[in-house]
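Enquirer: Before we start, here is the structure in question, set down as structure tokens.
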Amino acid sequence: MTPYKSDTEALDAFVVKYNALRSEIGKVIVGQDEVVKNVLIAIFSKGHGLLVGVPGLAKTLLVNTISKALGLSYSRIQFTPDLMPSDIIGTEILDENRHFKFIKGPVFANIILADEINRTPPKTQSALLEAMQEKAVTVAGISHKLQEPFFVLATQNPIEQEGTYPLPEAQLDRFMFNIWLDYPSFEEEIRVVKTTTANYSADVNVILEADEITYFQELIRRIPVADNVYQYAVNLASKTRPGTASAHPWANNYLTWGAGPRASQYLILGAKCHAAVNGKYSPDIEDVMAVSTAILRHRIVRNYKAEAEGIKEELIVKELLK
């Protein structure tokens, strides 16, 4: 039973809810507009996000605030070198009647913050990545479904690389967006310092409940897309693949590996949601371009020539968009 007469009416309601969400989050998070927008687009597109930024840029606070405004349960898992898969997914114990009983781990929540995911060995990383992909975890041969909506935001610290286990490309591909957090502007930092050094605390109101979020996620998928937008998205992803017929000269020059078909899927889903939050009923090429950097940046692998010349992924994506 839908509360709206038509999808267009539902999309209009979605814009109102989205703007209300933005203003609630803005009570706590100063600036970072692009970051907040990308995190919300990932949530409504049923994707996961990887946040990359130096410590102290309010990554944890951002995720916590978003989970409050969305009325969802939230777990923070601090990834450390000694973290075991059972610390994430849960474990079986013997109860007083000598029966095995499954104790759920922190992954059984709607929003998971995987803090410093590159600090833990691959075995533990893969436990979380199975949950992301399958929306279920398997313990002792029994599958346990995770509650919907389910969304993982992982953070990665780009500076201290001592004792880290970088995520392999296949695992990076599971993340819809790679979201870079930058330092705040001078004015924004003054506002941050003013609010955090006084006894000011903001109350974040719940704007959306879990079933509404699920409804809007399905709505986003129903948005129609013109054929030329599909062609543009697939063409953009295939331009990144060196040594293929459609490769861009920069891909042949600077990349060892390009983006797979999942990039094309996410470009379309991201464009649908980007169009919806801007009050459009169907995405156009500009919407694909708007989400392309965050989707492609972690799916392309630079070669030694690009590294030697200091050519970053963002610059390569910018060139492909021309």
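In the structure tokens, the first chain shown is A, the next is B, and so on; residue numbers restart at 1 for each chain, and ligands run from 1 in the order shown.
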Run DSSP on the backbone and grab whatever in range 33-254 of chain A lands in strand (DSSP E); send it over as a PyMOL selection string.
Expert: chain A and resi 49-52+74-78+90-94+100-104+111-115+136-139+142-145+151-156+177-180
Enquirer: Within 12 Å of Ala127 in chain A, counting only C-alpha atoms, which residues show up once you throw out same-chain ones fewer than 2 positions away? Write them as a compact mmCIF listing (two decimals) with N, CA and C atoms, in the first residue's frame, please.
Expert:
# COMPACT_ATOMS: atom_id res chain seq x y z
N LEU A 83 41.19 -7.69 15.15
CA LEU A 83 39.74 -7.92 15.05
C LEU A 83 39.48 -9.21 14.28
N MET A 84 38.58 -10.03 14.81
CA MET A 84 38.26 -11.31 14.16
C MET A 84 36.91 -11.21 13.44
N PRO A 85 36.67 -12.06 12.40
CA PRO A 85 35.36 -12.04 11.73
C PRO A 85 34.19 -12.18 12.70
N SER A 86 34.34 -13.03 13.75
CA SER A 86 33.24 -13.23 14.71
C SER A 86 32.94 -11.96 15.51
N ASP A 87 33.93 -11.04 15.61
CA ASP A 87 33.69 -9.77 16.30
C ASP A 87 32.74 -8.88 15.50
N ILE A 88 32.58 -9.19 14.21
CA ILE A 88 31.70 -8.39 13.35
C ILE A 88 30.35 -9.08 13.18
N ILE A 89 30.40 -10.37 12.80
CA ILE A 89 29.14 -11.01 12.41
C ILE A 89 28.44 -11.69 13.59
N GLY A 90 29.19 -11.99 14.66
CA GLY A 90 28.59 -12.67 15.82
C GLY A 90 29.17 -14.06 15.98
N GLY A 105 26.29 -10.14 16.06
CA GLY A 105 27.36 -9.16 16.18
C GLY A 105 26.88 -7.77 15.76
N VAL A 107 27.18 -6.16 13.15
CA VAL A 107 26.77 -5.98 11.75
C VAL A 107 25.24 -6.01 11.62
N ALA A 114 32.24 1.34 9.51
CA ALA A 114 33.44 0.51 9.60
C ALA A 114 34.63 1.46 9.67
N ILE A 117 38.81 0.77 7.96
CA ILE A 117 38.67 -0.61 7.46
C ILE A 117 40.00 -1.18 6.98
N THR A 120 42.61 -3.69 9.32
CA THR A 120 42.37 -5.08 9.73
C THR A 120 42.76 -6.04 8.60
N PRO A 121 43.18 -7.27 8.92
CA PRO A 121 43.61 -8.20 7.86
C PRO A 121 42.47 -8.59 6.91
N PRO A 122 42.83 -9.08 5.71
CA PRO A 122 41.83 -9.40 4.67
C PRO A 122 40.73 -10.35 5.12
N LYS A 123 41.05 -11.31 6.01
CA LYS A 123 40.04 -12.28 6.46
C LYS A 123 38.88 -11.56 7.14
N THR A 124 39.20 -10.56 7.96
CA THR A 124 38.15 -9.82 8.68
C THR A 124 37.44 -8.85 7.74
N GLN A 125 38.21 -8.23 6.83
CA GLN A 125 37.58 -7.35 5.83
C GLN A 125 36.53 -8.12 5.04
N LEU A 129 32.54 -7.64 3.91
CA LEU A 129 32.21 -7.50 2.50
C LEU A 129 31.18 -8.53 2.05
N GLU A 130 31.17 -9.72 2.69
CA GLU A 130 30.13 -10.71 2.38
C GLU A 130 28.77 -10.14 2.80
N ALA A 131 28.73 -9.53 3.98
CA ALA A 131 27.49 -8.94 4.48
C ALA A 131 27.00 -7.84 3.54
N MET A 132 27.94 -7.03 3.02
CA MET A 132 27.58 -5.94 2.11
C MET A 132 26.97 -6.47 0.82
N GLN A 133 27.56 -7.54 0.31
CA GLN A 133 27.13 -8.08 -0.98
C GLN A 133 25.85 -8.89 -0.86
N GLU A 134 25.81 -9.79 0.12
CA GLU A 134 24.71 -10.75 0.22
C GLU A 134 23.57 -10.26 1.10
N LYS A 135 23.79 -9.19 1.89
CA LYS A 135 22.82 -8.71 2.88
C LYS A 135 22.43 -9.85 3.83
N ALA A 136 23.41 -10.73 4.08
CA ALA A 136 23.22 -11.87 4.98
C ALA A 136 24.59 -12.31 5.46
N VAL A 137 24.63 -13.00 6.61
CA VAL A 137 25.89 -13.59 7.06
C VAL A 137 25.67 -15.08 7.33
N THR A 138 26.74 -15.85 7.12
CA THR A 138 26.63 -17.30 7.32
C THR A 138 27.49 -17.71 8.50
N VAL A 139 26.87 -18.35 9.48
CA VAL A 139 27.60 -18.85 10.66
C VAL A 139 27.23 -20.31 10.83
N GLN A 171 37.41 -5.71 -3.84
CA GLN A 171 36.60 -5.34 -2.68
C GLN A 171 36.22 -3.86 -2.74
Enquirer: Pick from A:Leu255, A:Ile179, A:Ile25, A:Val193: nearest to Ala306 in chain A, with only C-alpha atoms counted?
Expert: A:Leu255
Enquirer: Out of A:Glu313, A:Asp211, A:Asp182, A:Asp7, which residue has the shortest atom-to-atom distance to Arg297 in chain A when counting only C-alpha atoms?
Expert: A:Glu313
Enquirer: Rank nothing, just name the residue among A:Tyr183, A:Tyr200, A:Tyr281, A:Phe216 nearest to Gly53 in chain A, using only C-alpha atoms.
Expert: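 Smallest distance to Gly53 in chain A is found for A:Tyr183.
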Enquirer: Extract the full set of alpha helix (DSSP H) residues from range 137-247 of chain A according to DSSP on the backbone, and format it as number ranges by chain.
Expert: A: 169-172, 186-196, 210-222, 227-239
Enquirer: Which one of A:Thr256, A:Thr214, A:Thr65, A:Ser264 sits closest to Val291 in chain A if you count only C-alpha atoms?
Expert: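 Closest to Val291 in chain A, using only C-alpha atoms: A:Ser264.
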Enquirer: Near Leu296 in chain A, counting only C-alpha atoms, which residues have an atom at most 8 Å away, once you skip same-chain residues fewer than 6 positions from it, shown as a ChimeraX atom specification?
Expert: /A:237,259,263,317
Enquirer: Quick one: residues within 9 Å of Leu57 in chain A, only C-alpha atoms counted, chain neighbours fewer than 2 positions away excluded, as a list in words?
Expert: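 Once the adjacent positions are removed, what remains is Gly53, Val54, Pro55, Lys59, Thr60, Leu61, Leu181, Asp182, Tyr183 and Pro184 of chain A.
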Enquirer: So what do you get for CA of Ile93 in chain A versus CA of Ser75 in chain A, distance-wise?
Expert: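 For CA of Ile93 in chain A relative to CA of Ser75 in chain A, the distance reads 21.7 Å.
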Enquirer: Please, what distance in Å, to one decimal, runs between CA of His144 in chain A and CA of Glu92 in chain A?
Expert: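 That distance, rounded to one decimal, is 12.4 Å.
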Enquirer: Please list as a ChimeraX atom specification every residue within 10 Å of Ser73 in chain A, counting only C-alpha atoms and excluding residues in the same chain fewer than 2 positions away.
Expert: /A:64,67-68,70-71,75,108-112,147,149-150,210
Enquirer: When distances are computed from only C-alpha atoms, which of A:Leu320, A:Ala226, A:Val52, A:Leu267 shows the smallest separation from Asp284 in chain A?
Expert: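 Looking only at the distances to Asp284 in chain A, the closest residue turns out to be A:Ala226.
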Enquirer: Mind giving me the straight-line distance from CA of Tyr165 in chain A to CA of Gly243 in chain A in Å, one decimal?
Expert: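 Distance reported for this atom pair: 29.4 Å.
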Enquirer: Which one of A:Met289, A:Ser282, A:Cys273, A:Arg262 sits closest to Asn38 in chain A if you count only C-alpha atoms?
Expert: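 Of A:Met289, A:Ser282, A:Cys273, A:Arg262, the one nearest Asn38 in chain A, counting only C-alpha atoms, is A:Cys273.
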